[in-house]
Amino acid sequence: MLTVAVLISGAGSNLRALLDAAADDDYPARIVVVGADREADGFAHAEAYGIPTILVPFREFETREEWGEELSAQLRVWQPDLVVLSGLMRLLPPGMVAAWAPRIINTHPAYLPEFPGAHGVRDALAAGAGQTGASVIVVDDGVDSGPILAQERVPVRPDDDAHTLHERIKPVERRLLIDVVRRIATGELDLAAASDSAR
Ligand code: GAR
């Protein structure tokens with residue numbers, strides 16, 4: 001059974017989907033801890049499932065590295081096989097990426113390498129894109145620049161705003177995330193190999 005830590009900053013709808021999937025006996029992964037960089041609404045989903053939470057407030061640390069070291073130390077207590085960034089709106093410090101690579105993945109609401117960063121949905125709309133998408137990647141030191149594990153296109157409608165577009169992207173993201181975690185757990189997807197071949 002693959003043990004998973006999920007890191008969030010907000011509502012945690014992707015986290016909820018993964019928790020629901022993992023509640024199925026046939027799903028080969030279990031979430032062992034949920035962490036956040038702030039008081040995240042999504043903690044409620046972890047609590048509903050009786051999953052422990054760790055809060056490491058970014059603002060209480062002088063440097064990004066110190067924050068990352070504390071977050072890593074608290075995560076290690078739970079010995080996760082995989083760390084999933086699911087709406088964590090912070091760039092991880094290089095030391096933390098190095099500590100967990102390649103066992104750390106991220107979901108992103110755009111068809112990478114298009115529209116990386118914190119505003120993937122808004123940026124796609126601002127660019128007048130006819131289509132965008134969702135991606136799941138391995139985390140590296142860049143901004144959403146790691147090897148792509150899964151992605152799918154989502155059309156942009158003429159009347160879309162950032163909210164309606166994001167709400168159509170999220171179900172796709174959830175499906176991709178659940179499938180990627182399942183494939184990592186079964187060994188169908190090898191993160192080390194995916195990272196090596198991207199070099
Ligand atoms: C998701 O769409 C996730 O991909 C995005 O934030 C949303 C979180 O939603 N992350 C990023 O944009 C990271 N660059 P959720 O909290 O409801 O799962």
# chains A, B, ... in the order shown; residues from 1 in each chain; ligands from 1
>>> select_by_dssp(residues="region 129-159 of chain A", states="strand (DSSP E)", output="CSV table (one decimal) with C-alpha atoms, in the first residue's frame")
chain,number,residue,atom,x,y,z
A,131,GLN,CA,-8.2,25.5,-25.0
A,132,THR,CA,-6.3,24.9,-21.8
A,133,GLY,CA,-6.2,21.8,-19.6
A,134,ALA,CA,-5.0,20.0,-16.5
A,135,SER,CA,-1.6,18.4,-15.7
A,136,VAL,CA,0.1,16.3,-13.1
A,137,ILE,CA,3.8,16.6,-13.0
A,138,VAL,CA,6.9,15.6,-10.9
A,148,ILE,CA,4.7,15.6,-17.1
A,149,LEU,CA,3.0,12.4,-15.9
A,150,ALA,CA,-0.5,13.0,-17.2
A,151,GLN,CA,-2.4,15.8,-18.9
A,152,GLU,CA,-5.6,16.5,-20.7
A,153,ARG,CA,-7.1,19.3,-22.7
A,154,VAL,CA,-10.2,21.3,-21.6
A,155,PRO,CA,-11.9,23.7,-24.0
>>> residues_around(residues="region 13-19 of chain A", least_positions_apart="3", cutoff="6 Å", atoms="only C-alpha atoms", output="list in words")
Ala22, His45, Arg174 and Ile178 of chain A
>>> residues_near_ligand(ligand="ligand 1", cutoff="9 Å", atoms="only C-alpha atoms and all ligand atoms", output="ChimeraX atom specification")
/A:8-17,40-42,85-91,106-110,116-121,134-136,143-144,166-167,169-170,173-174
>>> residues_around(residues="Ala5 (chain A)", least_positions_apart="5", cutoff="10 Å", atoms="only C-alpha atoms", output="mmCIF file with all heavy atoms, in the first residue's frame")
data_model
loop_
_atom_site.group_PDB
_atom_site.id
_atom_site.type_symbol
_atom_site.label_atom_id
_atom_site.label_comp_id
_atom_site.auth_asym_id
_atom_site.auth_seq_id
_atom_site.Cartn_x
_atom_site.Cartn_y
_atom_site.Cartn_z
ATOM 1 N N ARG A 30 -3.073 5.054 0.414
ATOM 2 C CA ARG A 30 -3.767 5.608 1.583
ATOM 3 C C ARG A 30 -3.136 6.940 1.944
ATOM 4 O O ARG A 30 -1.913 7.068 1.953
ATOM 5 C CB ARG A 30 -3.628 4.671 2.800
ATOM 6 C CG ARG A 30 -4.372 3.359 2.664
ATOM 7 C CD ARG A 30 -5.892 3.524 2.773
ATOM 8 N NE ARG A 30 -6.591 2.286 2.482
ATOM 9 C CZ ARG A 30 -7.051 1.927 1.274
ATOM 10 N NH1 ARG A 30 -6.897 2.714 0.233
ATOM 11 N NH2 ARG A 30 -7.665 0.779 1.093
ATOM 12 N N ILE A 31 -3.971 7.920 2.269
ATOM 13 C CA ILE A 31 -3.459 9.215 2.719
ATOM 14 C C ILE A 31 -3.183 9.115 4.213
ATOM 15 O O ILE A 31 -4.076 8.743 4.993
ATOM 16 C CB ILE A 31 -4.453 10.331 2.388
ATOM 17 C CG1 ILE A 31 -4.612 10.400 0.859
ATOM 18 C CG2 ILE A 31 -3.975 11.668 2.947
ATOM 19 C CD1 ILE A 31 -5.657 11.358 0.380
ATOM 20 N N VAL A 32 -1.935 9.417 4.597
ATOM 21 C CA VAL A 32 -1.564 9.267 6.008
ATOM 22 C C VAL A 32 -1.497 10.604 6.741
ATOM 23 O O VAL A 32 -1.555 10.639 7.975
ATOM 24 C CB VAL A 32 -0.219 8.511 6.160
ATOM 25 C CG1 VAL A 32 -0.384 7.067 5.719
ATOM 26 C CG2 VAL A 32 0.916 9.180 5.398
ATOM 27 N N VAL A 33 -1.378 11.701 5.987
ATOM 28 C CA VAL A 33 -1.324 13.017 6.635
ATOM 29 C C VAL A 33 -1.640 14.096 5.598
ATOM 30 O O VAL A 33 -1.371 13.912 4.406
ATOM 31 C CB VAL A 33 0.074 13.253 7.283
ATOM 32 C CG1 VAL A 33 1.176 13.358 6.240
ATOM 33 C CG2 VAL A 33 0.073 14.482 8.185
ATOM 34 N N VAL A 34 -2.238 15.191 6.071
ATOM 35 C CA VAL A 34 -2.506 16.349 5.216
ATOM 36 C C VAL A 34 -1.829 17.557 5.852
ATOM 37 O O VAL A 34 -2.003 17.815 7.051
ATOM 38 C CB VAL A 34 -4.024 16.599 5.076
ATOM 39 C CG1 VAL A 34 -4.296 17.898 4.322
ATOM 40 C CG2 VAL A 34 -4.696 15.423 4.364
ATOM 41 N N GLY A 35 -1.041 18.280 5.050
ATOM 42 C CA GLY A 35 -0.336 19.446 5.570
ATOM 43 C C GLY A 35 -0.730 20.702 4.820
ATOM 44 O O GLY A 35 -1.261 20.644 3.702
ATOM 45 N N THR A 53 -3.508 16.184 10.600
ATOM 46 C CA THR A 53 -3.122 17.367 9.816
ATOM 47 C C THR A 53 -1.901 18.018 10.448
ATOM 48 O O THR A 53 -1.708 17.946 11.673
ATOM 49 C CB THR A 53 -4.266 18.400 9.772
ATOM 50 O OG1 THR A 53 -4.622 18.757 11.113
ATOM 51 C CG2 THR A 53 -5.485 17.844 9.062
ATOM 52 N N LEU A 75 6.620 16.116 8.039
ATOM 53 C CA LEU A 75 6.137 15.081 7.109
ATOM 54 C C LEU A 75 6.829 13.744 7.367
ATOM 55 O O LEU A 75 6.199 12.685 7.324
ATOM 56 C CB LEU A 75 6.408 15.488 5.656
ATOM 57 C CG LEU A 75 5.489 16.535 5.038
ATOM 58 C CD1 LEU A 75 5.965 16.877 3.628
ATOM 59 C CD2 LEU A 75 4.043 16.045 5.011
ATOM 60 N N ARG A 76 8.135 13.816 7.640
ATOM 61 C CA ARG A 76 8.914 12.573 7.817
ATOM 62 C C ARG A 76 8.369 11.699 8.943
ATOM 63 O O ARG A 76 8.499 10.486 8.913
ATOM 64 C CB ARG A 76 10.390 12.894 8.056
ATOM 65 C CG ARG A 76 11.199 12.907 6.752
ATOM 66 C CD ARG A 76 12.693 12.867 7.022
ATOM 67 N NE ARG A 76 13.152 14.084 7.664
ATOM 68 C CZ ARG A 76 13.509 15.201 6.998
ATOM 69 N NH1 ARG A 76 13.473 15.230 5.681
ATOM 70 N NH2 ARG A 76 13.896 16.280 7.651
ATOM 71 N N TRP A 78 5.513 10.863 9.407
ATOM 72 C CA TRP A 78 4.465 9.984 8.850
ATOM 73 C C TRP A 78 4.999 9.064 7.765
ATOM 74 O O TRP A 78 4.248 8.261 7.219
ATOM 75 C CB TRP A 78 3.294 10.844 8.328
ATOM 76 C CG TRP A 78 2.755 11.689 9.436
ATOM 77 C CD1 TRP A 78 3.097 12.970 9.737
ATOM 78 C CD2 TRP A 78 1.849 11.271 10.455
ATOM 79 N NE1 TRP A 78 2.447 13.385 10.872
ATOM 80 C CE2 TRP A 78 1.668 12.362 11.331
ATOM 81 C CE3 TRP A 78 1.156 10.084 10.708
ATOM 82 C CZ2 TRP A 78 0.829 12.300 12.440
ATOM 83 C CZ3 TRP A 78 0.319 10.024 11.804
ATOM 84 C CH2 TRP A 78 0.171 11.129 12.658
ATOM 85 N N GLN A 79 6.278 9.214 7.431
ATOM 86 C CA GLN A 79 6.961 8.358 6.456
ATOM 87 C C GLN A 79 6.159 8.108 5.180
ATOM 88 O O GLN A 79 5.957 6.948 4.786
ATOM 89 C CB GLN A 79 7.317 7.021 7.111
ATOM 90 C CG GLN A 79 8.204 7.210 8.334
ATOM 91 C CD GLN A 79 8.780 5.906 8.825
ATOM 92 O OE1 GLN A 79 8.072 4.917 8.962
ATOM 93 N NE2 GLN A 79 10.064 5.890 9.081
ATOM 94 N N PRO A 80 5.713 9.172 4.529
ATOM 95 C CA PRO A 80 4.960 8.949 3.282
ATOM 96 C C PRO A 80 5.878 8.462 2.159
ATOM 97 O O PRO A 80 7.035 8.882 2.061
ATOM 98 C CB PRO A 80 4.412 10.345 2.961
ATOM 99 C CG PRO A 80 5.375 11.286 3.605
ATOM 100 C CD PRO A 80 5.891 10.603 4.841
ATOM 101 N N ASP A 81 5.327 7.565 1.329
ATOM 102 C CA ASP A 81 6.059 7.132 0.135
ATOM 103 C C ASP A 81 6.010 8.201 -0.950
ATOM 104 O O ASP A 81 6.858 8.231 -1.834
ATOM 105 C CB ASP A 81 5.424 5.856 -0.441
ATOM 106 C CG ASP A 81 5.451 4.705 0.545
ATOM 107 O OD1 ASP A 81 6.499 4.500 1.182
ATOM 108 O OD2 ASP A 81 4.409 4.020 0.689
ATOM 109 N N LEU A 82 4.961 9.045 -0.879
ATOM 110 C CA LEU A 82 4.731 10.037 -1.936
ATOM 111 C C LEU A 82 4.165 11.305 -1.304
ATOM 112 O O LEU A 82 3.343 11.225 -0.387
ATOM 113 C CB LEU A 82 3.697 9.475 -2.938
ATOM 114 C CG LEU A 82 3.280 10.375 -4.092
ATOM 115 C CD1 LEU A 82 4.420 10.511 -5.116
ATOM 116 C CD2 LEU A 82 2.031 9.829 -4.789
ATOM 117 N N VAL A 83 4.618 12.461 -1.804
ATOM 118 C CA VAL A 83 4.032 13.737 -1.380
ATOM 119 C C VAL A 83 3.287 14.330 -2.580
ATOM 120 O O VAL A 83 3.848 14.441 -3.673
ATOM 121 C CB VAL A 83 5.131 14.719 -0.900
ATOM 122 C CG1 VAL A 83 4.505 16.065 -0.512
ATOM 123 C CG2 VAL A 83 5.900 14.134 0.277
ATOM 124 N N VAL A 84 2.027 14.694 -2.366
ATOM 125 C CA VAL A 84 1.196 15.274 -3.431
ATOM 126 C C VAL A 84 0.929 16.739 -3.093
ATOM 127 O O VAL A 84 0.350 17.039 -2.045
ATOM 128 C CB VAL A 84 -0.148 14.529 -3.560
ATOM 129 C CG1 VAL A 84 -1.046 15.227 -4.586
ATOM 130 C CG2 VAL A 84 0.072 13.073 -3.960
ATOM 131 N N LEU A 85 1.357 17.641 -3.979
ATOM 132 C CA LEU A 85 0.993 19.048 -3.828
ATOM 133 C C LEU A 85 -0.331 19.238 -4.549
ATOM 134 O O LEU A 85 -0.419 19.062 -5.766
ATOM 135 C CB LEU A 85 2.051 19.967 -4.448
ATOM 136 C CG LEU A 85 3.518 19.719 -4.066
ATOM 137 C CD1 LEU A 85 4.391 20.854 -4.606
ATOM 138 C CD2 LEU A 85 3.689 19.581 -2.566
ATOM 139 N N ILE A 104 7.635 13.367 -5.327
ATOM 140 C CA ILE A 104 6.804 14.536 -5.028
ATOM 141 C C ILE A 104 6.175 15.027 -6.328
ATOM 142 O O ILE A 104 6.873 15.287 -7.306
ATOM 143 C CB ILE A 104 7.639 15.612 -4.281
ATOM 144 C CG1 ILE A 104 6.805 16.831 -3.956
ATOM 145 C CG2 ILE A 104 8.900 15.972 -5.007
ATOM 146 C CD1 ILE A 104 7.443 17.717 -2.889
#
